[in-house]
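S.K.: The structure is given below, and queries will be raised subsequently.
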Amino acid sequence: MKRILTISVLVLSCFFFVNTSFAQNAAVKGKVTDAATGESLIGVSVLVKGTSTGVQTDVNGAFSVPAPANATLVFTYIGYTTQEVPVNNQTTLAVKLSPEAKELQQVVVIGYGTQKKRDVTGSVASVNGDQLTKQPVQTPTQALQGKVAGVQVISSGQPNSNPILRIRGTGSVLAGANPLYVVDGVLTDDIRNVNNADIVSIDVLKDASAAIYGVRAANGVVIITTKRGKAGPAVVSYDANVGFREVANQILLANRQQYVDYLNVASPTKIASDDKSPLTIPGTTNWAQAVSQKAFETNHNVSVSGGGEKNTYFISANYIDENGVIKTNNFQRFTIRANNDIHISDKLRFSDQMSLSRNTERPVDVAGIYGNVYRAAPIIPSIIDGKYGNTSAWSNVGNPLLQLDKKNNFTLNNRIQGNVALDYNPVKWLTYHSAFNLDARFNNQKNYSYQFASDASTFTVGGGNQRQDNSSLFVQNDNAYQYQWDNTITFDRTFGQHHLTVLGGMVTEKGRSNFINGTRQDVPANPDQWFLDQGNPNVNTIDHNGGDLFTRESFVGRVNYSFAGKYLLSGSLRRDGSSRFQQKWGTFYTVGAGWVLSEENFLKESIFTNLKLRASYGELGNDNIGSSLFVVTGTPYQPYYFGSTLVAGTVIQDIKNTNLKWETTDQLDIGIDYGFLNNRLTGEADYYNKKVKNALTNIPLPGILGDPDNLFITNAASYRNSGVEVALRWNDKINNHIGYNIGFNLSYNKNEVIGLNGGQAISAGGANGQTITRTDNGHPIASYYVLQATGVFQTAAEAAAAPTNTFEANHVGGLKYADINNDGKIDASDRIYAGSYQPKYYGGFNLGLNYNNFDISADFYGNWGNKIYNGKKNSRGSENDNIEASYANSRFTTTKPSSTDPSTITQTTPPSTYFIESGAFLRLNNLTFGYSLPADLLKRAGLAKARIFLTSQNLFTAKRYSGQSPELFSTDILSQGIDATNYPVTRTFALGVNVQF
Amino acid sequence: MKKIYSLRLTLLVACAAVLSGTLHACKNYLDVKPQGQITQDQIASDPNQAKNLVIGIYNVFYIGGFDPDIDSFQFVIMTDIASDDADKGSSPDDYGDAKQIDNLQTSASNGVVNNVWTGYYQGVARCNQALDKLQNAQFDATTKNALIGEARFLRAYFYFNLVRLYGGVPLIDKLPSATEANSDKYQTRATAADIYKFIISDLDFAVANLPAKGATDVGRANKSAAQALEAKVYLYTKDYQKAYDLSQAVITSGLYSLVKDYSLIWRQKAVNGDGGNNNAESIFEIQAGINKDCSAGINLYTVSQGPRAGGKYGWADLGFGFNNPSTSLLNEYETGDVRKAATVIFIKPGGTILFDGFRIPGQDSVQNSTYSYKAYHSRSAEDNCGGNTDRLPKQVRILRYADILLINAEAAVQIGKVGDAQNDLTLVRTRAGLTSTAATLHSIWHERRMELAEEHDRFFDIVRQDAVEPGRASAAFAAHGKTWKATAALFPIPQTQIDLSGARLTQNPGY
């Protein structure tokens with residue numbers, strides 16, 4: 001491999017040659033207007049063809065460019081068709097540019113090539129970059145929320161978190177249900193390094209047409225295309241915003257009195273037997289408030305683009321500084337990008353797309369902190385005069401504020417992502433493309449825990465178990481490289497009415513990663529000394545080093561054929577090999593057909609501007625599991641002593657499926673694309689049926705086989721996702737002052753397990769030692785499987801007469817459960833299915849309005865038909881844990897009996913429908929007001945464009961769920977929807993500018 | 001210019017085409033070996049690795065805590081806390097699963113019951129893996145049979161505890177293939193008698209092939225260990241003659257003697273040559289030590305039973321405070337029995353000074369009033385691994401000479417050799433600072449309780465004795481303030497395991 005690289009680089013460098021020319025000529029003047037409205041167009045690029053000479057039109061649409069009398073001028077403007085105008089000895093030109101008929105001419109990226117949207121037979125959705133940048137969010141994925149039918153995005157308020165994306169439902173349990181991301185040809189599963197402002201468009205391949213990325217396309221593909229320069233003078237853009245983030249819907253926990261009242265019932269001996277010292281200090285601590293903060297955020301982006309006819313460039317730099325809403329949590333990211341195109345000759349083009357990102361973060365242990373926030377007693381102060389309240393002395397829960405302050409974790413991530421590519425056209429209809437892609441990561445981590453004692457030096461009162469006897473330092477370095485080499489040949493030719501595109505190629509991929517880490521005790525607290533060598537070398541030293549290696553190899557082929565622009569056929573075939581399976585090779589394909597009805601004579605004069613029927617069917621693969629899971633391995637150096645001699649044992653532990661193979665997905669898609677009324681109303685509708693076979697899954701093993709985690713990875717399950725998606729867009733201009741647009745999309749999805757290892761269900765999630773979800777035949781993945789709560793016992797007689805409860809004794813104020821199997825006792829066999837977190841419906845709508853220089857837009861997102869399990873209410877670590885204020889008010893008491901809410905929730909309260917709530921919500925994701933400076937002002941300032949805006953992300957959420965947020969960020973598919981310890985959802989307010997000159 | 005270009009272009013395209021081809025020609029491109037792990041095949045072909053697999057079985061003793069468990073916290077719950085020797089301890093509501101077991105109200109979904117089940121079968125699986133690879137290993141017959149003997153000794157130990165806890169259990173007698181693993185043969189319960197038969201065949205082999213004490217590494221299973229364990233097994237099968245013969249063989253070997261000072265048995269270091277780790281009395285003992293990453297000790301064994309002191313509701317100083325010697329146990333000690341003070345840490349109003357000089361504060365700062373001294377590991381006078389207290393290198397004594405003397409005594413009484421029984425009993429009582437009493441079944445049983453208190457055998461003893469003399473368990477638990485029921489003699493088969501077997505595992509009566 002290394003040698004191949006060297007040769008390629010040598011060969012490429014031979015051809016690195018740039019051609020430029022200069023000339024002195026008379027000025028050609030003129031004005032550019034919109035062909036339809038007659039409006040002047042500002043900032044149109046005017047280029048003398050074949051040179052790098054060019055200007056931009058001014059605020060009146062006027063230009064003046066020196067050009068020879070026989071030259072041709074090229075006029076380019078975003079959203080308009082490029083026009084070439086011969087000068088023909090004229091000195092003044094009046095140029096009218098026509099808006100691009102977007103829906104017809106729009107080009108979509110379909111993998112190893114592009115296609116006109118009208119020729120596409122698959123289900124591909126596109127989102128423009130400007131849709132992404134207007135939201136003050138970190139990742140492109142998050143900005144997609146509510147924009148595309150069939151795409152569900154679950155994001156977290158935590159800085160630098162990777163949002164969960166589901167295209168057409170949850171299609172895998174073990175091999176990851178996230179889609180494949182392709183950034184300018186680089187395949188990846190993480191796009192947190194991509195600057196939103198660099199993106200031209202995002203294309204989402206939702207159906208089997210994704211099979212062109214067969215190797216990992218089963219969950220759909222998200223293709224990200226970054227900006228490139230356009231020939232013309234340099235365009236400089238500066239976009240920035242500054243604002244703050246805060247916790248949206250801060251959780252309300254019980255106050256002092258509510259807590260004490262509760263404890264008197266839940267743990268009467270606690271109040272009576274304890275020395276009551278905490279009770280003597282007055283005041284209530286709101287622990288959620290105590291650990292949260294209002295957080296500053298800012299985002300600055302500069303880009304320069306332009307170029308001559310032979311070479312163009314796009315260079316950008318971006319800086320994000322975003323503090324978390326949990327104290328001590330912060331994040332900074334710096335990215336730069338350089339995209340260049342160099343036409344070495346008419347036939348040969350060299351291009352590169354390179355990005356570098358570097359981010360630093362002080363992360364927090366969300367689960368640990370929030371676990372304690374929910375549990376800590378409100379009668380204990382958080383901090384007084386530098387001394388922390390001693391929650392653990394009271395109830396065995398650490399003080400979460402102290403937890404934050406006594407940990408100093410630092411993460412530094414560097415990532416280089418990009419490619420160099422060569423395109424060769426020996427003849428116009430044939431392209432040979434070779435791209436070498438690289439995704440390299442270099443990460444550093446330093447976690448420091450300060451030493452502190454559980455006595456009065458740290459706490460207001462000593463005692464308890466929260467302490468750190470020895471300071472500890474953990475250091476980790478890791479690096480990962482992924483190479484991928486694409487070689488394709490594309491044949492693209494029109495013969496009369498026939499248009500044929502044939503693609504053939506090969507892709508090879510190799511990924512390698514390494515980590516090395518160490519832990520030492522007693523490293524001094526001074527950050528300058530945070531190195532392993534500063535720790536005690538004699539005790540408790542832990543060092544680890546490991547790595548991973550995998551390869552893939554694929555042969556790719558695709559044929560697209562259209563006749564008269566009406567009848568469309570396409571097909572692709574891939575042969576994929578993956579080192580991760582015993583049965584290494586898989587074959588994946590797709591076939592598609594389309595019929596553009598609006599091109600038929602009988603519809604030519606109708607209200608339809610565009611009408612297309614399309615269908616596709618294909619099979620896709622998924623190999624997104626760990627390496628070598630099919631090889632039985634041993635672990636050496638397991639310690640034991642014989643007398644005082646340390647000896648090394650070997651252990652063969654994990655039971656493996658030595659015949660592991662591809663997880664495959666069959667997908668049928670039938671769709672319609674339509675445009676009415678001169679394309680003011682456009683949209684798509686799709687039906688899909690997606691079946692996953694041989695799904696990689698962890699099968700629980702009986703204990704008798706002795707597997708350490710009692711899990712076995714194998715191809716066992718089958719799932720189905722079927723549904724309907726509808727998208728509508730209305731775009732209109734009432735007059736020259738007012739324009740508006742409305743977008744709407746809605747998806748319905750039905751997820752079902754249709755086969756699971758002969759009926760062996762998988763239980764997951766838990767509260768009080770009992771599982772909550774079950775993944776079984778005929779039910780959605782991770783359905784809640786719990787007891788059915790039917791109310792609360794009001795009298796002792798009622799409690800005595802009820803079936804025996806095997807979890808906790810029936811008592812007045814206790815929950816009543818339905819004896820489903822009528823065996824006279826309430827036990828695990830009385831559980832019922834009670835919904836899942838997967839929404840039946842989800843979607844968004846977007847509104848935009850322009851009035852002269854003002855613009856306003858609003859994006860809504862919501863889902864319904866799903867359920868949330870209030871796990872933090874159910875889970876009790878101790879009977880002294882705090883409760884939520886809403887429950888404190890509604891719970892059963894002798895003076896205020898409740899027929900719905902029990903008097904206490906204890907460590908033996910089993911999971912039941914009592915804890916299940918509706919997950920439906922509607923959120924105003926983004927609201928933005930903008931004002932663009934008027935033309936005359938811009939002229940005086942020497943600017944091409946200037947806009948200021950005020951924006952808010954997540955301004956309000958209408959929800960029925962009693963917890964903090966109905967949007968639950970959980971990467972564990974089998975226990976999704978259980979609200980345990982989530983990072984708080986945030987609301988952002990920001991003020992920003994967009995400037996171009 | 002143009003010409004040069006096209007020449008170069010042709011060259012480039014040709015190069016690229018060739019390179020693509022070359023890459024593909026790398027035939028083994030997709031054949032990637034696991035990184036940083038040795039494969040089963042490598043192990044099978046290396047005799048040293050086969051040897052290491054046997055050492056790997058011993059390493060399984062270190063699992064436990066709140067995870068699958070063999071001889072740690074949860075095993076203590078199912079043996080001591082379940083018995084009349086100890087109360088659960090800690091704060092009243094701490095650890096609901098332990099509370100169930102303490103109150104003889106164990107449910108089938110109890111996590112402790114499941115973790116001990118899976119822990120023991122992990123041990124069995126390691127034995128079977130080692131035995132599988134040893135089959136073809138190239139050793140001389142003696143070495144090979146000794147290694148096989150060790151693996152079979154350990155497998156017998158694991159099954160002995162399984163059968164005593166759960167009754168008949170699935171008999172995994174070898175490394176099952178993928179198809180065998182799900183067969184009824186393995187997924188259903190064998191009878192208790194079959195399990196005992198299997199244990200005895202393993203131990204017969206071990207007795208015949210293991211080297212004697214001194215001829216093998218300290219800490220490895222030896223011939224006496226196999227004899228001692230088999231003697232104990234025969235008490236449970238009421239095969240008293242064999243129990244007598246095997247225990248007699250250990251006694252007459254002359255390789256073991258009683259430690260003079262009872263309290264020194266559980267110390268790490270000998271005092272004047274008496275006691276300490278692997279002392280004169282130790283027949284089989286879980287070994288531990290201080291390695292660099294503090295992983296060579298049983299997880300949470302000591303800290304879970306350590307005094308819960310230093311702030312009433314904290315577990316700051318020594319431990320979680322579980323497994324408190326019970327009033328019933330304390331009441332049974334005779335006056336002058338030195339074992340009482342060596343077994344129990346008493347929390348006194350003014351504080352308690354332990355053997356190493358460590359002072360536990362007075363009762364007002366400590367959760368419970370008694371703790372197990374036998375599980376104590378000194379943080380100052382004995383080896384420690386930095387501040388890591390989870391895996392303190394406490395060596396748990398599994399089989400010791402006094403136990404064998406009492407097995408011998410009990411078997412002797414049953415076969416009418418009262419004179420031998422009297423000798424055994426007198427030896428044990430004399431060391432305890434007591435005068436001799438007549439050797440009867442009752443006096444020997446009393447002695448077993450006193451001698452072996454808090455050594456994780458009491459629950460099994462009550463159940464066994466109740467089978468010999470019905471009513472003993474009822475009486476014992478009544479004195480302990482609990483109500484005995486016959487079905488409590490066996491723990492439930494974990495519900496999780498019944499579910500995973502597709503209901504092929506049947507539940508014990510009463511659950």
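Residue numbering restarts at 1 for every chain of the structure tokens, chains are lettered A, B, ... in their displayed order, and ligands are numbered from 1 as they appear.
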Give me, as a list in words, the residues of chain A touching chain B, with the criterion being at most 6 Å (counting only C-alpha atoms).
M.R.: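 Interface list for chain A against chain B: Ala393, Gly463, Gly464, Asn465, Val539, Asn540, Thr541, Ile542, Asp548, Thr551, Ser579, Ser628, Val632, Thr633, Gly634, Pro639, Tyr640, Tyr641, Phe642, Gly643, Gly649, Thr650, Val651, Pro702, Gly703, Ile704 and Gly706 of chain A.
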S.K.: Please provide the set of residues having any atom within 7 Å of stretch 332-342 of chain A, restricted to only C-alpha atoms, with same-chain residues fewer than 2 positions apart removed, written as number ranges by chain.
M.R.: A: 18, 195, 228, 310-322, 344, 349-361
S.K.: May I ask for the distance between atom CA of B:Thr483 and atom CA of B:Ala82, given in Å to one decimal place?
M.R.: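 One can read the atom CA of B:Thr483 to atom CA of B:Ala82 distance as 12.0 Å.
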S.K.: Quick check for you: according to DSSP on this backbone, which residues of stretch 329-469 of chain B are classed as helix (DSSP H, G or I)? Reply as a VMD selection string.
M.R.: chain B and resid 329 to 332 338 to 343 363 to 365 401 to 414 418 to 431 441 to 452 458 to 468
S.K.: Using C-alpha atoms, can you write the selected residues to a file as an mmCIF file, in the first residue's frame?
M.R.:
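And here is the file that came out, out36.cif:
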data_model
loop_
_atom_site.group_PDB
_atom_site.id
_atom_site.type_symbol
_atom_site.label_atom_id
_atom_site.label_comp_id
_atom_site.auth_asym_id
_atom_site.auth_seq_id
_atom_site.Cartn_x
_atom_site.Cartn_y
_atom_site.Cartn_z
ATOM 1 C CA LEU B 329 -24.061 -17.215 66.759
ATOM 2 C CA LEU B 330 -22.725 -15.155 69.665
ATOM 3 C CA ASN B 331 -25.085 -16.931 72.049
ATOM 4 C CA GLU B 332 -23.697 -20.324 71.125
ATOM 5 C CA VAL B 338 -10.954 -17.960 71.928
ATOM 6 C CA ARG B 339 -12.678 -18.235 68.591
ATOM 7 C CA LYS B 340 -15.355 -15.687 69.503
ATOM 8 C CA ALA B 341 -12.939 -12.759 69.578
ATOM 9 C CA ALA B 342 -11.110 -14.063 66.500
ATOM 10 C CA THR B 343 -14.315 -14.391 64.486
ATOM 11 C CA GLN B 363 -20.930 2.743 68.025
ATOM 12 C CA ASP B 364 -22.319 6.241 67.438
ATOM 13 C CA SER B 365 -20.229 6.526 64.282
ATOM 14 C CA TYR B 401 -7.308 -28.944 58.472
ATOM 15 C CA ALA B 402 -9.780 -28.225 61.291
ATOM 16 C CA ASP B 403 -12.639 -28.679 58.819
ATOM 17 C CA ILE B 404 -11.167 -32.065 57.811
ATOM 18 C CA LEU B 405 -10.815 -33.109 61.453
ATOM 19 C CA LEU B 406 -14.491 -32.355 62.018
ATOM 20 C CA ILE B 407 -15.508 -34.148 58.797
ATOM 21 C CA ASN B 408 -13.455 -37.103 59.987
ATOM 22 C CA ALA B 409 -15.106 -36.904 63.406
ATOM 23 C CA GLU B 410 -18.608 -36.773 61.988
ATOM 24 C CA ALA B 411 -17.972 -39.657 59.585
ATOM 25 C CA ALA B 412 -16.313 -41.651 62.366
ATOM 26 C CA VAL B 413 -19.328 -41.261 64.634
ATOM 27 C CA GLN B 414 -21.609 -42.354 61.820
ATOM 28 C CA VAL B 418 -16.191 -42.896 68.267
ATOM 29 C CA GLY B 419 -12.605 -43.038 69.507
ATOM 30 C CA ASP B 420 -11.298 -41.400 66.316
ATOM 31 C CA ALA B 421 -14.035 -38.812 66.548
ATOM 32 C CA GLN B 422 -13.067 -38.030 70.123
ATOM 33 C CA ASN B 423 -9.433 -37.440 69.122
ATOM 34 C CA ASP B 424 -10.434 -35.067 66.325
ATOM 35 C CA LEU B 425 -12.832 -33.145 68.504
ATOM 36 C CA THR B 426 -10.374 -32.778 71.353
ATOM 37 C CA LEU B 427 -7.731 -31.398 68.988
ATOM 38 C CA VAL B 428 -10.107 -28.718 67.726
ATOM 39 C CA ARG B 429 -11.476 -27.808 71.160
ATOM 40 C CA THR B 430 -8.097 -27.653 72.807
ATOM 41 C CA ARG B 431 -6.875 -25.157 70.270
ATOM 42 C CA LEU B 441 -23.219 -35.926 66.340
ATOM 43 C CA HIS B 442 -24.588 -32.895 68.207
ATOM 44 C CA SER B 443 -21.330 -31.922 69.864
ATOM 45 C CA ILE B 444 -19.506 -32.225 66.512
ATOM 46 C CA TRP B 445 -22.173 -30.139 64.768
ATOM 47 C CA HIS B 446 -21.911 -27.512 67.480
ATOM 48 C CA GLU B 447 -18.157 -27.529 67.042
ATOM 49 C CA ARG B 448 -18.476 -27.137 63.253
ATOM 50 C CA ARG B 449 -20.563 -24.034 63.732
ATOM 51 C CA MET B 450 -18.127 -22.479 66.203
ATOM 52 C CA GLU B 451 -15.002 -23.468 64.308
ATOM 53 C CA LEU B 452 -16.187 -22.550 60.808
ATOM 54 C CA ARG B 458 -22.972 -22.740 57.581
ATOM 55 C CA PHE B 459 -26.048 -22.603 55.342
ATOM 56 C CA PHE B 460 -25.031 -25.847 53.634
ATOM 57 C CA ASP B 461 -24.351 -27.455 57.022
ATOM 58 C CA ILE B 462 -27.799 -26.628 58.385
ATOM 59 C CA VAL B 463 -29.483 -28.009 55.304
ATOM 60 C CA ARG B 464 -27.339 -31.133 55.409
ATOM 61 C CA GLN B 465 -27.879 -31.689 59.121
ATOM 62 C CA ASP B 466 -31.600 -31.131 58.688
ATOM 63 C CA ALA B 467 -31.618 -34.015 56.224
ATOM 64 C CA VAL B 468 -29.915 -36.216 58.811
#
S.K.: Please indicate the distance in Å from atom CA of A:Lys29 to atom CA of A:Ala62, rounded to one decimal place.
M.R.: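 If I compute the distance from atom CA of A:Lys29 to atom CA of A:Ala62, I get 7.4 Å.
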S.K.: Give the answer as one residue: which of B:Gln305, B:Gln74, B:Gln395, B:Gln135 has the shortest atom-to-atom distance to B:Ser90, using only C-alpha atoms?
M.R.: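 Smallest distance to B:Ser90 is found for B:Gln305.
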S.K.: Smallest atom-to-atom distance to B:Ile101: which of B:Ser83, B:Ser224, B:Thr327, B:Gln248, using only C-alpha atoms?
M.R.: B:Ser83
S.K.: For B:Ser380, please output as a list in words all residues within 10 Å (counting only C-alpha atoms; exclusion window: fewer than 4 positions along the same chain).
M.R.: Asp356, Gly357, Phe358 and Asn384 of chain B
S.K.: Can I get the selection written as a compact mmCIF listing (two decimals), in the first residue's frame, with C-alpha atoms?
M.R.:
# COMPACT_ATOMS: atom_id res chain seq x y z
CA ASP B 356 -2.99 -4.04 63.68
CA GLY B 357 -3.67 -1.11 65.99
CA PHE B 358 -6.40 0.30 63.78
CA ASN B 384 -2.12 -3.11 50.12
S.K.: Ranking A:Arg256, A:His343, A:Arg947, A:Lys327 by minimum distance to A:Asp365 and counting only C-alpha atoms, which one comes first?
M.R.: A:Lys327
S.K.: Can you tell me which residues surround A:Gly504 at a distance of at most 6 Å, considering only C-alpha atoms, apart from same-chain residues fewer than 6 positions away, and format the answer as a list in words?
M.R.: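 Once the nearby chain positions are removed, what remains is Thr488, Ile489, Val556 and Gly557 of chain A.
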S.K.: For the selection just defined, write its residues with N, CA and C atoms to a file, as a short mmCIF file (atom, residue, chain, number, x, y, z; two decimals), in the first residue's frame.
M.R.:
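Saved as out_24.cif:
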data_model
loop_
_atom_site.label_atom_id
_atom_site.label_comp_id
_atom_site.auth_asym_id
_atom_site.auth_seq_id
_atom_site.Cartn_x
_atom_site.Cartn_y
_atom_site.Cartn_z
N THR A 488 -13.12 4.94 -10.65
CA THR A 488 -14.33 4.67 -11.43
C THR A 488 -14.16 5.17 -12.86
N ILE A 489 -14.86 4.53 -13.75
CA ILE A 489 -14.93 4.99 -15.14
C ILE A 489 -16.40 5.20 -15.47
N VAL A 556 -18.04 -1.95 -8.10
CA VAL A 556 -19.26 -1.16 -8.22
C VAL A 556 -19.66 -1.04 -9.68
N GLY A 557 -20.94 -1.16 -9.96
CA GLY A 557 -21.41 -0.91 -11.32
C GLY A 557 -22.80 -0.29 -11.30
#
